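Data block for model_16.pdb (PDB, C-alpha atoms):
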```pdb
ATOM      1  CA  LYS A   1       0.000   0.000   0.000
ATOM      2  CA  HIS A   2       2.770   2.436   0.917
ATOM      3  CA  PHE A   3       4.750   1.490  -2.185
ATOM      4  CA  ALA A   4       1.720   2.057  -4.425
ATOM      5  CA  LEU A   5       1.261   5.534  -2.971
ATOM      6  CA  TRP A   6       4.982   6.277  -3.340
ATOM      7  CA  ALA A   7       4.896   5.088  -6.975
ATOM      8  CA  ARG A   8       1.962   7.356  -7.803
ATOM      9  CA  VAL A   9       3.719  10.326  -6.249
ATOM     10  CA  ARG A  10       6.994   9.666  -8.068
ATOM     11  CA  TYR A  11       5.214   9.189 -11.378
ATOM     12  CA  GLY A  12       3.279  12.394 -10.815
ATOM     13  CA  VAL A  13       6.403  14.407 -10.017
ATOM     14  CA  ALA A  14       8.164  13.170 -13.165
ATOM     15  CA  LEU A  15       5.160  13.896 -15.385
ATOM     16  CA  CYS A  16       4.694  17.380 -13.933
ATOM     17  CA  ARG A  17       8.358  18.238 -14.470
ATOM     18  CA  ALA A  18       8.151  17.044 -18.050
ATOM     19  CA  ALA A  19       4.963  19.020 -18.654
ATOM     20  CA  LEU A  20       6.554  22.204 -17.296
ATOM     21  CA  SER A  21       9.568  21.789 -19.560
ATOM     22  CA  LEU A  22       7.434  21.083 -22.628
ATOM     23  CA  ASN A  23       5.220  24.057 -21.859
ATOM     24  CA  LEU A  24       8.279  26.253 -22.379
ATOM     25  CA  ASP A  25       9.765  24.264 -25.270
ATOM     26  CA  ALA A  26       7.086  22.153 -26.950
ATOM     27  CA  HIS A  27       9.338  21.144 -29.863
ATOM     28  CA  VAL A  28      12.229  20.119 -27.608
ATOM     29  CA  LEU A  29      14.657  22.465 -29.332
ATOM     30  CA  ARG A  30      16.796  23.217 -26.287
ATOM     31  CA  ALA A  31      19.417  20.919 -24.794
ATOM     32  CA  ARG A  32      18.056  21.721 -21.347
ATOM     33  CA  THR A  33      14.606  20.407 -22.304
ATOM     34  CA  ARG A  34      16.099  17.204 -23.694
ATOM     35  CA  ALA A  35      18.093  16.717 -20.489
ATOM     36  CA  GLN A  36      14.956  17.270 -18.398
ATOM     37  CA  LEU A  37      12.997  14.730 -20.448
ATOM     38  CA  ARG A  38      15.789  12.184 -20.081
ATOM     39  CA  ALA A  39      15.749  12.732 -16.307
ATOM     40  CA  CYS A  40      11.976  12.268 -16.200
ATOM     41  CA  LEU A  41      12.202   9.088 -18.286
ATOM     42  CA  ALA A  42      14.860   7.737 -15.931
ATOM     43  CA  ALA A  43      12.721   8.571 -12.883
ATOM     44  CA  VAL A  44       9.673   6.757 -14.293
ATOM     45  CA  ARG A  45      11.776   3.770 -15.262
ATOM     46  CA  GLY A  46      13.308   3.652 -11.786
ATOM     47  CA  VAL A  47       9.873   3.364 -10.181
ATOM     48  CA  ALA A  48       8.735   0.656 -12.601
ATOM     49  CA  GLU A  49      11.949  -1.304 -12.036
ATOM     50  CA  LYS A  50      11.246  -1.468  -8.303
ATOM     51  CA  ALA A  51       7.826  -2.975  -9.020
ATOM     52  CA  ALA A  52       8.958  -5.348 -11.778
ATOM     53  CA  GLY A  53       9.865  -8.141  -9.360
ATOM     54  CA  SER A  54       6.366  -8.419  -7.905
ATOM     55  CA  GLU A  55       3.450  -9.736  -9.966
ATOM     56  CA  PRO A  56       0.792  -8.134  -7.725
ATOM     57  CA  LEU A  57       2.335  -4.769  -8.649
ATOM     58  CA  TYR A  58       2.010  -5.406 -12.385
ATOM     59  CA  TRP A  59      -0.275  -2.393 -12.674
ATOM     60  CA  VAL A  60       2.559  -0.143 -11.434
ATOM     61  CA  VAL A  61       4.788  -1.543 -14.187
ATOM     62  CA  PHE A  62       2.020  -1.123 -16.757
ATOM     63  CA  ASN A  63       1.410   2.484 -15.725
ATOM     64  CA  GLY A  64       5.148   3.096 -15.914
ATOM     65  CA  CYS A  65       5.221   1.799 -19.492
ATOM     66  CA  VAL A  66       2.312   4.056 -20.414
ATOM     67  CA  HIS A  67       4.068   7.056 -18.863
ATOM     68  CA  LEU A  68       7.303   6.217 -20.700
ATOM     69  CA  TYR A  69       5.452   6.083 -23.993
ATOM     70  CA  ARG A  70       3.738   9.416 -23.380
ATOM     71  CA  LEU A  71       6.991  11.064 -22.348
ATOM     72  CA  CYS A  72       8.539   9.764 -25.574
ATOM     73  CA  LEU A  73       5.851  11.251 -27.815
ATOM     74  CA  PRO A  74       7.561  14.665 -28.137
ATOM     75  CA  LEU A  75      10.702  12.785 -29.189
ATOM     76  CA  LEU A  76       9.072  10.837 -32.022
ATOM     77  CA  ARG A  77      10.604  12.970 -34.750
ATOM     78  CA  ARG A  78      13.496  12.143 -37.015
ATOM     79  CA  GLU A  79      15.957  14.457 -35.259
ATOM     80  CA  LEU A  80      15.045  13.292 -31.721
ATOM     81  CA  CYS A  81      13.818   9.710 -32.052
ATOM     82  CA  ALA A  82      17.140   8.142 -31.056
ATOM     83  CA  LEU A  83      16.480   9.426 -27.520
ATOM     84  CA  ALA A  84      13.261   7.388 -27.363
ATOM     85  CA  ILE A  85      14.702   4.025 -28.426
ATOM     86  CA  GLU A  86      16.025   2.853 -25.064
ATOM     87  CA  PRO A  87      12.930   3.727 -22.962
ATOM     88  CA  LEU A  88      10.558   2.264 -25.560
ATOM     89  CA  ALA A  89      12.618  -0.928 -25.856
ATOM     90  CA  TRP A  90      12.667  -1.225 -22.079
ATOM     91  CA  ALA A  91       8.873  -0.782 -21.958
ATOM     92  CA  CYS A  92       8.436  -3.538 -24.577
ATOM     93  CA  LEU A  93      10.549  -5.914 -22.489
ATOM     94  CA  CYS A  94       8.706  -4.968 -19.298
ATOM     95  CA  MET A  95       5.399  -5.961 -20.880
ATOM     96  CA  GLU A  96       6.885  -9.451 -21.350
ATOM     97  CA  ALA A  97       8.347  -9.771 -17.852
ATOM     98  CA  LEU A  98       5.234 -10.286 -15.719
ATOM     99  CA  VAL A  99       2.598 -12.953 -16.350
ATOM    100  CA  PRO A 100      -0.395 -10.621 -15.765
ATOM    101  CA  LEU A 101       0.895  -8.341 -18.519
ATOM    102  CA  LEU A 102       0.820 -11.231 -20.992
ATOM    103  CA  GLN A 103      -2.971 -11.240 -20.962
ATOM    104  CA  PRO A 104      -4.477 -10.834 -24.445
ATOM    105  CA  ARG A 105      -6.164  -7.575 -23.425
ATOM    106  CA  PHE A 106      -2.734  -5.928 -23.399
ATOM    107  CA  ILE A 107      -1.919  -6.973 -26.988
ATOM    108  CA  PRO A 108      -3.102  -3.726 -28.659
ATOM    109  CA  TRP A 109      -0.958  -1.728 -26.249
ATOM    110  CA  ARG A 110       2.074  -3.938 -26.848
ATOM    111  CA  LEU A 111       1.600  -3.519 -30.607
ATOM    112  CA  GLN A 112       1.566   0.245 -30.140
ATOM    113  CA  LEU A 113       4.844   0.090 -28.224
ATOM    114  CA  TYR A 114       6.546  -2.122 -30.807
ATOM    115  CA  SER A 115       5.345   0.067 -33.678
ATOM    116  CA  ALA A 116       6.688   3.217 -32.014
ATOM    117  CA  LEU A 117      10.008   1.518 -31.241
ATOM    118  CA  CYS A 118      10.428   0.347 -34.825
ATOM    119  CA  ARG A 119       9.607   3.758 -36.247
ATOM    120  CA  CYS A 120      12.272   5.268 -33.985
ATOM    121  CA  TYR A 121      14.861   2.753 -35.147
ATOM    122  CA  GLU A 122      13.903   3.339 -38.764
ATOM    123  CA  ALA A 123      13.868   7.140 -38.539
ATOM    124  CA  SER A 124      17.259   7.133 -36.822
ATOM    125  CA  GLY A 125      18.699   5.135 -39.733
ATOM    126  CA  ASP A 126      18.894   1.763 -37.981
ATOM    127  CA  ALA A 127      16.553  -0.416 -40.044
ATOM    128  CA  GLN A 128      18.399  -3.514 -38.843
ATOM    129  CA  GLY A 129      17.551  -2.599 -35.251
ATOM    130  CA  ALA A 130      13.892  -2.289 -36.248
ATOM    131  CA  ALA A 131      14.026  -5.682 -37.951
ATOM    132  CA  GLN A 132      15.521  -7.296 -34.836
ATOM    133  CA  ALA A 133      12.916  -5.688 -32.570
ATOM    134  CA  VAL A 134      10.108  -6.941 -34.815
ATOM    135  CA  ALA A 135      11.563 -10.449 -34.965
ATOM    136  CA  HIS A 136      11.691 -10.525 -31.167
ATOM    137  CA  GLY A 137       8.128  -9.239 -30.847
ATOM    138  CA  LEU A 138       6.803 -11.670 -33.445
ATOM    139  CA  ALA A 139       8.411 -14.583 -31.580
ATOM    140  CA  GLN A 140       6.774 -13.403 -28.338
ATOM    141  CA  PHE A 141       3.331 -13.044 -29.887
ATOM    142  CA  THR A 142       3.569 -16.386 -31.690
ATOM    143  CA  ARG A 143       4.623 -18.110 -28.465
ATOM    144  CA  LEU A 144       1.733 -16.510 -26.576
ATOM    145  CA  ARG A 145      -0.770 -17.672 -29.176
ATOM    146  CA  GLY A 146       0.725 -21.177 -29.105
ATOM    147  CA  LEU A 147       0.395 -21.369 -25.316
ATOM    148  CA  GLU A 148      -3.219 -20.259 -25.544
ATOM    149  CA  ARG A 149      -3.986 -23.024 -28.044
ATOM    150  CA  PHE A 150      -2.598 -25.631 -25.642
ATOM    151  CA  ASP A 151      -4.958 -24.481 -22.905
ATOM    152  CA  PRO A 152      -7.515 -27.283 -22.254
ATOM    153  CA  THR A 153     -10.216 -24.621 -21.913
ATOM    154  CA  PRO A 154     -10.927 -23.107 -25.337
ATOM    155  CA  ALA A 155     -10.289 -19.374 -25.505
ATOM    156  CA  GLU A 156     -13.190 -17.030 -26.118
ATOM    157  CA  PRO A 157     -13.554 -15.782 -29.708
ATOM    158  CA  ARG A 158     -12.496 -12.257 -28.677
ATOM    159  CA  VAL A 159      -9.283 -13.629 -27.131
ATOM    160  CA  ARG A 160      -8.465 -15.673 -30.246
ATOM    161  CA  GLU A 161      -9.151 -12.607 -32.377
ATOM    162  CA  LEU A 162      -6.728 -10.476 -30.318
ATOM    163  CA  LEU A 163      -4.016 -13.129 -30.480
ATOM    164  CA  ASP A 164      -4.412 -13.644 -34.231
ATOM    165  CA  HIS A 165      -4.428  -9.904 -34.856
ATOM    166  CA  GLY A 166      -1.268  -9.502 -32.789
ATOM    167  CA  VAL A 167       0.590 -12.128 -34.781
ATOM    168  CA  ARG A 168      -0.591 -10.771 -38.141
ATOM    169  CA  ALA A 169       0.323  -7.195 -37.225
ATOM    170  CA  MET A 170       3.817  -8.267 -36.203
ATOM    171  CA  GLN A 171       4.135 -10.341 -39.375
ATOM    172  CA  ALA A 172       3.252  -7.214 -41.366
ATOM    173  CA  LEU A 173       5.975  -5.223 -39.619
ATOM    174  CA  ASP A 174       8.367  -8.115 -40.136
ATOM    175  CA  ILE A 175       7.703  -8.076 -43.880
ATOM    176  CA  LYS A 176       8.226  -4.319 -44.004
ATOM    177  CA  TYR A 177      11.593  -4.346 -42.278
ATOM    178  CA  ARG A 178      12.841  -7.411 -44.087
ATOM    179  CA  LEU A 179      12.078  -5.502 -47.292
ATOM    180  CA  VAL A 180      13.890  -2.421 -45.981
ATOM    181  CA  THR A 181      16.960  -4.429 -44.960
ATOM    182  CA  GLY A 182      16.963  -6.425 -48.198
ATOM    183  CA  SER A 183      16.368  -9.848 -46.700
ATOM    184  CA  ILE A 184      13.234 -10.053 -48.863
ATOM    185  CA  PRO A 185      13.885  -9.075 -52.497
ATOM    186  CA  PRO A 186      11.095  -6.788 -53.803
ATOM    187  CA  GLY A 187      10.085  -9.449 -56.307
ATOM    188  CA  ASP A 188       9.319 -11.872 -53.469
ATOM    189  CA  LEU A 189       6.822  -9.529 -51.785
ATOM    190  CA  PRO A 190       3.708 -11.344 -53.150
ATOM    191  CA  LYS A 191       5.000 -14.624 -51.733
ATOM    192  CA  ALA A 192       5.666 -12.972 -48.374
ATOM    193  CA  LEU A 193       2.156 -11.530 -48.306
ATOM    194  CA  ASP A 194       0.699 -14.963 -49.048
ATOM    195  CA  ALA A 195       2.430 -16.199 -45.892
ATOM    196  CA  LEU A 196       0.360 -13.876 -43.686
ATOM    197  CA  GLN A 197      -1.711 -16.260 -41.621
ATOM    198  CA  ASP A 198      -5.485 -16.045 -42.108
ATOM    199  CA  ALA A 199      -5.226 -12.602 -43.718
ATOM    200  CA  ASP A 200      -7.807 -11.458 -46.235
ATOM    201  CA  ASP A 201      -7.139  -9.246 -49.260
ATOM    202  CA  ALA A 202      -7.959  -6.063 -47.341
ATOM    203  CA  GLU A 203      -5.400  -6.881 -44.669
ATOM    204  CA  ARG A 204      -2.750  -7.667 -47.273
ATOM    205  CA  LEU A 205      -3.477  -4.262 -48.840
ATOM    206  CA  ARG A 206      -2.953  -2.582 -45.470
ATOM    207  CA  VAL A 207       0.413  -4.328 -45.213
ATOM    208  CA  LEU A 208       1.402  -2.967 -48.621
ATOM    209  CA  VAL A 209       0.467   0.548 -47.472
ATOM    210  CA  ARG A 210       2.616   0.109 -44.366
ATOM    211  CA  CYS A 211       5.522  -1.071 -46.447
ATOM    212  CA  ALA A 212       5.293   2.022 -48.631
ATOM    213  CA  ALA A 213       4.803   4.511 -45.765
ATOM    214  CA  PRO A 214       7.452   7.254 -45.734
ATOM    215  CA  LEU A 215       9.502   8.035 -42.680
ATOM    216  CA  SER A 216       8.018  10.649 -40.386
TER
END
```
Give the structure from this file in structure tokens form.
Amino acid sequence: KHFALWARVRYGVALCRAALSLNLDAHVLRARTRAQLRACLAAVRGVAEKAAGSEPLYWVVFNGCVHLYRLCLPLLRRELCALAIEPLAWACLCMEALVPLLQPRFIPWRLQLYSALCRCYEASGDAQGAAQAVAHGLAQFTRLRGLERFDPTPAEPRVRELLDHGVRAMQALDIKYRLVTGSIPPGDLPKALDALQDADDAERLRVLVRCAAPLS
């Protein structure tokens, strides 16, 4: 109980400090603002790390990941995105570290984290880093879906839908970054799209749009 209160206070202090800095420098043009954001990111991560060893405190870790993502939003531009890579990668790994955070209801959030991380890698010129992050995420989502299928109690349709969507979305990102890094020749794209599990034509079209999306 005392730790939960302490965590809320520490999160609140970090978020308020970040908000004050961004109110004066919304585009993060000054070195001082960047330093303040890095300090706030470190403070939030420090709180989440203290909770990461206790499953009952999974919600503290989850809130920490949400706060990290929001603090990174002002950094999601080509000239600043490298500063967001480490906190976003750490948040992705945190969402895999505690069993309660592996619940299918967290899949859309985990996809959002992975997508932001990959865009940061890509915009900073490290497409290989994006490809490795996607490969890791795809393996995690595939493993989670496999474990669910071994459960003697059949999953509800909504749960199966979330799991399948998670795998397909990560497969789409995987195709994109394998194209970018050259591990899939452009001529083999139709074959790669055919490998998308249970995807209809509309979903394959969305993948093509993602593959062609310019850097932000």
For a cutoff of 7 Å around the file-coordinate point (2.6, -5.0, -17.5), which residues qualify once you count all atoms listed in the file? I'd like the result as a list in words.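 Residues with an atom at most 7 Å from (2.6, -5.0, -17.5): Tyr58, Trp59, Val61, Phe62, Cys94, Met95, Leu98, Pro100 and Leu101 of chain A.
In terms of minimum interatomic distance to Val47 of chain A, A:Val13 ranks closest within A:Val13, A:Leu111, A:Ala169, A:Leu102, counting only C-alpha atoms.
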For each of A:Ala127, A:Leu138, A:Val9, A:Leu22, take the minimum atom-to-atom distance to Ala43 of chain A, counting all atoms listed in the file, then give the residue where this is smallest. A:Val9
Give me, as a short mmCIF file (atom, residue, chain, number, x, y, z; two decimals) with C-alpha atoms, keeping the file's coordinate frame, all polymer residues having an atom no more than 10 Å from segment 79-84 of chain A, counting only C-alpha atoms and skipping those fewer than 4 positions away in the same chain.
```cif
data_model
loop_
_atom_site.label_atom_id
_atom_site.label_comp_id
_atom_site.auth_asym_id
_atom_site.auth_seq_id
_atom_site.Cartn_x
_atom_site.Cartn_y
_atom_site.Cartn_z
CA HIS A 27 9.34 21.14 -29.86
CA VAL A 28 12.23 20.12 -27.61
CA LEU A 29 14.66 22.46 -29.33
CA ARG A 34 16.10 17.20 -23.69
CA LEU A 37 13.00 14.73 -20.45
CA ARG A 38 15.79 12.18 -20.08
CA LEU A 41 12.20 9.09 -18.29
CA LEU A 68 7.30 6.22 -20.70
CA TYR A 69 5.45 6.08 -23.99
CA LEU A 71 6.99 11.06 -22.35
CA CYS A 72 8.54 9.76 -25.57
CA LEU A 73 5.85 11.25 -27.82
CA PRO A 74 7.56 14.66 -28.14
CA LEU A 75 10.70 12.78 -29.19
CA LEU A 88 10.56 2.26 -25.56
CA ALA A 89 12.62 -0.93 -25.86
CA ALA A 116 6.69 3.22 -32.01
CA LEU A 117 10.01 1.52 -31.24
CA ARG A 119 9.61 3.76 -36.25
CA CYS A 120 12.27 5.27 -33.98
CA TYR A 121 14.86 2.75 -35.15
CA GLU A 122 13.90 3.34 -38.76
CA ALA A 123 13.87 7.14 -38.54
CA SER A 124 17.26 7.13 -36.82
CA GLY A 125 18.70 5.14 -39.73
CA ASP A 126 18.89 1.76 -37.98
#
```
Would you work out the distance separating atom CA of Cys40 of chain A from atom CA of Lys1 of chain A, expressed in Å to one decimal?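 Going from atom CA of Cys40 of chain A over to atom CA of Lys1 of chain A covers 23.6 Å.
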Atomic separation - atom CA of Phe141 of chain A relative to atom CA of Pro154 of chain A, Å: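 Separation of atom CA of Pro154 of chain A and atom CA of Phe141 of chain A: 18.0 Å.
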Taking (9.2, -9.3, -43.8) in the file's coordinates as the center, which residues reach within 9 Å of it, counting all atoms listed in the file, put as JSON, numbers by chain? {"A": [131, 171, 172, 173, 174, 175, 176, 177, 178, 179, 180, 183, 184, 189, 192, 193]}
Next, write the just-selected residues to a file, as a PDB file, in the frame of the given file, keeping C-alpha atoms as the atom set.
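Produced file part07.pdb, reproduced below:
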```
ATOM      1  CA  ALA A 131      14.026  -5.682 -37.951  1.00  0.00           C
ATOM      2  CA  GLN A 171       4.135 -10.341 -39.375  1.00  0.00           C
ATOM      3  CA  ALA A 172       3.252  -7.214 -41.366  1.00  0.00           C
ATOM      4  CA  LEU A 173       5.975  -5.223 -39.619  1.00  0.00           C
ATOM      5  CA  ASP A 174       8.367  -8.115 -40.136  1.00  0.00           C
ATOM      6  CA  ILE A 175       7.703  -8.076 -43.880  1.00  0.00           C
ATOM      7  CA  LYS A 176       8.226  -4.319 -44.004  1.00  0.00           C
ATOM      8  CA  TYR A 177      11.593  -4.346 -42.278  1.00  0.00           C
ATOM      9  CA  ARG A 178      12.841  -7.411 -44.087  1.00  0.00           C
ATOM     10  CA  LEU A 179      12.078  -5.502 -47.292  1.00  0.00           C
ATOM     11  CA  VAL A 180      13.890  -2.421 -45.981  1.00  0.00           C
ATOM     12  CA  SER A 183      16.368  -9.848 -46.700  1.00  0.00           C
ATOM     13  CA  ILE A 184      13.234 -10.053 -48.863  1.00  0.00           C
ATOM     14  CA  LEU A 189       6.822  -9.529 -51.785  1.00  0.00           C
ATOM     15  CA  ALA A 192       5.666 -12.972 -48.374  1.00  0.00           C
ATOM     16  CA  LEU A 193       2.156 -11.530 -48.306  1.00  0.00           C
TER      17      LEU A 193
END
```
When the PyMOL selection byres ((chain A and resi 6) around 12) is applied to the file above, which residues end up in the set, as a PyMOL selection string? chain A and resi 1-5+7-13+44+47-48+50-51+60
Resolved residues for the PyMOL selection byres ((chain A and resi 21) around 10) as an mmCIF file with C-alpha atoms, in the coordinates of the input:
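The result, written out as result-v4.cif:
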```cif
data_model
loop_
_atom_site.group_PDB
_atom_site.id
_atom_site.type_symbol
_atom_site.label_atom_id
_atom_site.label_comp_id
_atom_site.auth_asym_id
_atom_site.auth_seq_id
_atom_site.Cartn_x
_atom_site.Cartn_y
_atom_site.Cartn_z
ATOM 1 C CA LEU A 15 5.160 13.896 -15.385
ATOM 2 C CA CYS A 16 4.694 17.380 -13.933
ATOM 3 C CA ARG A 17 8.358 18.238 -14.470
ATOM 4 C CA ALA A 18 8.151 17.044 -18.050
ATOM 5 C CA ALA A 19 4.963 19.020 -18.654
ATOM 6 C CA LEU A 20 6.554 22.204 -17.296
ATOM 7 C CA LEU A 22 7.434 21.083 -22.628
ATOM 8 C CA ASN A 23 5.220 24.057 -21.859
ATOM 9 C CA LEU A 24 8.279 26.253 -22.379
ATOM 10 C CA ASP A 25 9.765 24.264 -25.270
ATOM 11 C CA ALA A 26 7.086 22.153 -26.950
ATOM 12 C CA VAL A 28 12.229 20.119 -27.608
ATOM 13 C CA ARG A 30 16.796 23.217 -26.287
ATOM 14 C CA ARG A 32 18.056 21.721 -21.347
ATOM 15 C CA THR A 33 14.606 20.407 -22.304
ATOM 16 C CA ARG A 34 16.099 17.204 -23.694
ATOM 17 C CA ALA A 35 18.093 16.717 -20.489
ATOM 18 C CA GLN A 36 14.956 17.270 -18.398
ATOM 19 C CA LEU A 37 12.997 14.730 -20.448
#
```
Show me a table, sorted first by chain and then by increasing residue number, of the residues of segment 59-150 of chain A having an atom at most 12 Å from segment 158-166 of chain A, each with its shortest atom pair and the distance in Å to one decimal, counting all atoms listed in the file and written as a Markdown table.
```
| residue | atom | partner | partner_atom | distance |
| --- | --- | --- | --- | --- |
| A:Leu102 | CA | A:Leu163 | CA | 10.8 |
| A:Gln103 | CA | A:Val159 | CA | 9.1 |
| A:Pro104 | CA | A:Val159 | CA | 6.2 |
| A:Arg105 | CA | A:Leu162 | CA | 7.5 |
| A:Phe106 | CA | A:Leu162 | CA | 9.2 |
| A:Ile107 | CA | A:Gly166 | CA | 6.4 |
| A:Pro108 | CA | A:Gly166 | CA | 7.3 |
| A:Trp109 | CA | A:Gly166 | CA | 10.2 |
| A:Arg110 | CA | A:Gly166 | CA | 8.8 |
| A:Leu111 | CA | A:Gly166 | CA | 7.0 |
| A:Gln112 | CA | A:Gly166 | CA | 10.5 |
| A:Tyr114 | CA | A:Gly166 | CA | 10.9 |
| A:Ser115 | CA | A:Gly166 | CA | 11.7 |
| A:Val134 | CA | A:Gly166 | CA | 11.8 |
| A:Gly137 | CA | A:Gly166 | CA | 9.6 |
| A:Leu138 | CA | A:Gly166 | CA | 8.4 |
| A:Ala139 | CA | A:Gly166 | CA | 11.0 |
| A:Gln140 | CA | A:Gly166 | CA | 10.0 |
| A:Phe141 | CA | A:Gly166 | CA | 6.5 |
| A:Thr142 | CA | A:Leu163 | CA | 8.3 |
| A:Arg143 | CA | A:Leu163 | CA | 10.2 |
| A:Leu144 | CA | A:Leu163 | CA | 7.7 |
| A:Arg145 | CA | A:Leu163 | CA | 5.7 |
| A:Gly146 | CA | A:Leu163 | CA | 9.4 |
| A:Leu147 | CA | A:Leu163 | CA | 10.7 |
| A:Glu148 | CA | A:Arg160 | CA | 8.4 |
| A:Arg149 | CA | A:Arg160 | CA | 8.9 |
```
What gap, in Å, lies between atom CA of Arg78 of chain A and atom CA of Glu49 of chain A? 28.4 Å
May I ask which of the residues A:Ala130, A:Pro185, A:Val66, A:Ala52 is the closest one to Glu96 of chain A, counting all atoms listed in the file?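 For Glu96 of chain A, the nearest of the candidates is A:Ala52.
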